[in-house]
Amino acid sequence: MKNKRYLLAGMLALSAGTVLAGERATNPFIKHMFTADASAHVWEDGRLYVYPSTDIEGKGYRSMDGYHVFSTDDMLHWTDHGEILHSRDVEWGTPKGGNMWAPDCVYKDGTYYFVFPHRDPDNVWELGVATSKDPASGFTLQGKIKGGRTFCDPCVFMDEDGQAYLYAVVKAKCYAAKLKENLMEIEGEMVPQVGVDEHREGPFVFKRNGIYYMIYPDHTKPRNQMQYSMSDSPLGPWEPKGVFLEATDVLTMHGSIVEYKGQWYVFYHNGALSKGRNTNRSICFDKVFFNDDGTIQMVQQSPSVVP
């Protein structure tokens with residue numbers, strides 16, 4: 001009888017989401033829908049949140065639409081918080097819909113700023129902003145970033161001193177600038193970043209031990225790889241360091257790097273659930289390790305990860 005009680009208690013703990021020693025997360029880790037371009041962040045509640053784009057099954061990349069938010073507290077069990085924004089919600093957007101490409105999110109003074117690219121009725125890219133007091137729901141559209149016209153694939157990096165920087169793309173080149181206090185206006189002009197010559201799209205910036213890193217997909221054909229550059233300034237110049245994540249089975253490569261509970265992770269996407277169809281991608285993560293000089297070791301892509 002005692003053994004049965006212990007067995008029942010163990011089963012209840014497992015069903016409640018308890019992490020067992022050696023338990024593995026599978027890649028891709030979101031399987032009920034197609035997701036890509038994952039932007040990962042750790043917020044003040046101690047959870048890790050991922051803000052990806054959405055691939056619509058059986059359709060091309062221009063149809064990408066609707067943003068979901070996913071979160072975890074153990075890298076094993078993920079919560080889908082549902083859709084937070086769709087092209088139908090963007091009154092200044094193209095009537096055709098779609099064109100909701102890679103987004104990002106940043107936190108400042110109790111507010112979460114969700115930044116996303118979208119085409120306007122003239123078919124020109126704009127950077128929209130929606131805000132909320134909650135990291136995964138309740139977002140309200142605020143408008144467009146002043147000075148962000150023609151740019152897409154935004155990344156917003158908040159430095160330790162509270163200064164925010166915007167990185168974005170036009171014609172496969174990376175540009176950046178400081179953002180004003182309201183995070184809705186660019187200070188000065190977007191300027192091209194030096195030392196990221198292999199950059200194709202999707203910049204993501206993070207900071208570790210006083211060093212700034214920018215990761216970005218390159219122009220490798222037929223499938224992009226992920227490269228990175230390092231700098232002692234958030235606006236460069238950057239020193240290119242080469243590839244740290246090899247191509248997957250889809251054309252594109254786009255992702256982010258974040259530290260969670262003492263371990264660094266890279267988020268990216270592959271075509272495992274759609275057997276390599278470029279327009280139906282799925283987000284994955286793997287561990288990242290650094291050398292003593294701060295350079296990034298080659299990432300080993302794996303079908304499962306022990307967090």
# chains A, B, ... in the order shown; residues from 1 in each chain; ligands from 1

$ residues_around --residues "Met253 of chain A" --least-positions-apart "3" --cutoff "12 Å" --atoms "only C-alpha atoms" --output "VMD selection string"
chain A and resid 36 to 38 102 199 to 204 215 to 227 243 to 250 256 266 to 271 278 281 to 284

$ closest_atom_pairs --of "segment 134-225 of chain A" --to "segment 51-59 of chain A" --cutoff "12 Å" --atoms "only C-alpha atoms" --output "tab-separated table"
residue	atom	partner	partner_atom	distance
A:Pro135	CA	A:Tyr51	CA	9.9
A:Ala136	CA	A:Tyr51	CA	9.1
A:Ser137	CA	A:Tyr51	CA	11.9
A:Asp153	CA	A:Ser53	CA	10.5
A:Cys155	CA	A:Tyr51	CA	11.5
A:Gly202	CA	A:Ser53	CA	11.9

$ atom_distance --atom1 "atom CA of Trp101 of chain A" --atom2 "atom CA of Val115 of chain A"
10.5 Å

$ closest_atom_pairs --of "segment 236-271 of chain A" --to "segment 170-177 of chain A" --cutoff "12 Å" --atoms "only C-alpha atoms" --output "tab-separated table"
residue	atom	partner	partner_atom	distance
A:Gly236	CA	A:Ala176	CA	9.5
A:Pro237	CA	A:Ala176	CA	11.4
A:Trp238	CA	A:Cys174	CA	11.7

$ write_last_selection --atoms "C-alpha atoms" --output "PDB file, in the first residue's frame"
ATOM      1  CA  GLY A 236      29.806  49.362 -33.570  1.00  0.00           C
ATOM      2  CA  PRO A 237      32.077  49.235 -35.368  1.00  0.00           C
ATOM      3  CA  TRP A 238      31.747  45.469 -35.185  1.00  0.00           C
TER       4      TRP A 238
END

$ residues_around --residues "segment 179-193 of chain A" --least-positions-apart "2" --cutoff "10 Å" --atoms "only C-alpha atoms" --output "PyMOL selection string"
chain A and resi 106+108+113+115+127-129+142-148+151+156-158+162-170+173-177+195-197+199+234-238

$ decode --residues "segment 173-213 of chain A" --atoms "N, CA and C atoms" --output "CSV table (one decimal), in the first residue's frame"
chain,number,residue,atom,x,y,z
A,173,LYS,N,20.8,45.1,-45.6
A,173,LYS,CA,21.8,45.8,-44.8
A,173,LYS,C,21.3,46.1,-43.5
A,174,CYS,N,22.2,46.1,-42.5
A,174,CYS,CA,21.7,46.4,-41.1
A,174,CYS,C,22.0,47.8,-40.8
A,175,TYR,N,21.0,48.5,-40.2
A,175,TYR,CA,21.1,49.9,-39.8
A,175,TYR,C,20.7,49.9,-38.3
A,176,ALA,N,21.2,51.0,-37.6
A,176,ALA,CA,20.9,51.1,-36.2
A,176,ALA,C,20.9,52.5,-35.7
A,177,ALA,N,20.2,52.8,-34.6
A,177,ALA,CA,20.2,54.1,-34.0
A,177,ALA,C,19.7,54.0,-32.6
A,178,LYS,N,19.9,55.1,-31.8
A,178,LYS,CA,19.3,55.2,-30.5
A,178,LYS,C,17.8,55.5,-30.7
A,179,LEU,N,17.1,55.0,-29.7
A,179,LEU,CA,15.6,55.3,-29.6
A,179,LEU,C,15.5,56.4,-28.5
A,180,LYS,N,14.5,57.3,-28.7
A,180,LYS,CA,14.2,58.3,-27.7
A,180,LYS,C,13.5,57.6,-26.5
A,181,GLU,N,13.3,58.4,-25.5
A,181,GLU,CA,12.8,57.8,-24.2
A,181,GLU,C,11.4,57.2,-24.4
A,182,ASN,N,10.6,57.6,-25.3
A,182,ASN,CA,9.3,57.1,-25.5
A,182,ASN,C,9.3,55.8,-26.4
A,183,LEU,N,10.5,55.4,-26.9
A,183,LEU,CA,10.7,54.2,-27.7
A,183,LEU,C,9.8,54.2,-29.0
A,184,MET,N,9.4,55.4,-29.3
A,184,MET,CA,8.5,55.5,-30.5
A,184,MET,C,9.2,56.4,-31.6
A,185,GLU,N,10.4,56.9,-31.3
A,185,GLU,CA,11.0,57.8,-32.2
A,185,GLU,C,12.5,57.5,-32.2
A,186,ILE,N,13.1,57.6,-33.4
A,186,ILE,CA,14.5,57.4,-33.6
A,186,ILE,C,15.3,58.7,-33.3
A,187,GLU,N,16.4,58.6,-32.5
A,187,GLU,CA,17.2,59.8,-32.3
A,187,GLU,C,18.2,59.9,-33.4
A,188,GLY,N,18.1,61.0,-34.2
A,188,GLY,CA,18.9,61.1,-35.3
A,188,GLY,C,18.5,60.3,-36.5
A,189,GLU,N,19.4,59.6,-37.1
A,189,GLU,CA,19.0,58.7,-38.3
A,189,GLU,C,19.6,57.3,-38.1
A,190,MET,N,18.9,56.4,-38.7
A,190,MET,CA,19.4,55.0,-38.8
A,190,MET,C,20.7,55.0,-39.6
A,191,VAL,N,21.8,54.4,-39.1
A,191,VAL,CA,23.1,54.5,-39.8
A,191,VAL,C,23.5,53.0,-40.0
A,192,PRO,N,24.2,52.8,-41.2
A,192,PRO,CA,24.6,51.4,-41.5
A,192,PRO,C,25.7,50.9,-40.5
A,193,GLN,N,25.6,49.7,-40.1
A,193,GLN,CA,26.5,49.1,-39.2
A,193,GLN,C,27.7,48.5,-39.9
A,194,VAL,N,28.9,48.9,-39.4
A,194,VAL,CA,30.2,48.5,-40.0
A,194,VAL,C,30.7,47.2,-39.3
A,195,GLY,N,31.1,46.2,-40.1
A,195,GLY,CA,31.7,45.0,-39.6
A,195,GLY,C,30.7,43.9,-39.5
A,196,VAL,N,29.6,44.0,-40.2
A,196,VAL,CA,28.6,42.9,-40.3
A,196,VAL,C,28.3,42.7,-41.8
A,197,ASP,N,29.4,42.6,-42.6
A,197,ASP,CA,29.3,42.6,-44.0
A,197,ASP,C,28.5,41.3,-44.6
A,198,GLU,N,28.5,40.2,-43.8
A,198,GLU,CA,27.8,39.0,-44.3
A,198,GLU,C,26.4,39.1,-44.0
A,199,HIS,N,25.9,40.1,-43.3
A,199,HIS,CA,24.5,40.2,-42.8
A,199,HIS,C,23.6,40.2,-44.0
A,200,ARG,N,22.5,39.4,-43.8
A,200,ARG,CA,21.4,39.3,-44.8
A,200,ARG,C,20.1,39.8,-44.2
A,201,GLU,N,19.8,39.4,-43.0
A,201,GLU,CA,18.5,39.8,-42.4
A,201,GLU,C,18.6,39.5,-40.9
A,202,GLY,N,17.5,39.9,-40.2
A,202,GLY,CA,17.3,39.4,-38.8
A,202,GLY,C,18.4,39.7,-37.8
A,203,PRO,N,18.9,40.9,-37.6
A,203,PRO,CA,19.9,41.1,-36.5
A,203,PRO,C,19.3,40.9,-35.2
A,204,PHE,N,20.1,40.4,-34.2
A,204,PHE,CA,19.7,40.3,-32.8
A,204,PHE,C,20.9,40.7,-32.0
A,205,VAL,N,20.8,41.6,-31.0
A,205,VAL,CA,21.9,42.1,-30.3
A,205,VAL,C,21.7,41.7,-28.8
A,206,PHE,N,22.8,41.3,-28.2
A,206,PHE,CA,22.8,41.0,-26.7
A,206,PHE,C,24.1,41.4,-26.2
A,207,LYS,N,24.2,41.4,-24.8
A,207,LYS,CA,25.5,41.8,-24.2
A,207,LYS,C,25.9,40.8,-23.1
A,208,ARG,N,27.2,40.5,-23.1
A,208,ARG,CA,27.7,39.5,-22.2
A,208,ARG,C,29.1,40.0,-21.7
A,209,ASN,N,29.3,40.1,-20.4
A,209,ASN,CA,30.6,40.5,-19.8
A,209,ASN,C,31.1,41.8,-20.5
A,210,GLY,N,30.2,42.7,-20.7
A,210,GLY,CA,30.7,44.0,-21.2
A,210,GLY,C,30.9,44.0,-22.7
A,211,ILE,N,30.7,42.9,-23.4
A,211,ILE,CA,30.8,42.8,-24.9
A,211,ILE,C,29.5,42.8,-25.5
A,212,TYR,N,29.3,43.5,-26.6
A,212,TYR,CA,28.1,43.5,-27.4
A,212,TYR,C,28.3,42.5,-28.5
A,213,TYR,N,27.2,41.7,-28.8
A,213,TYR,CA,27.2,40.7,-29.8
A,213,TYR,C,26.0,41.0,-30.8
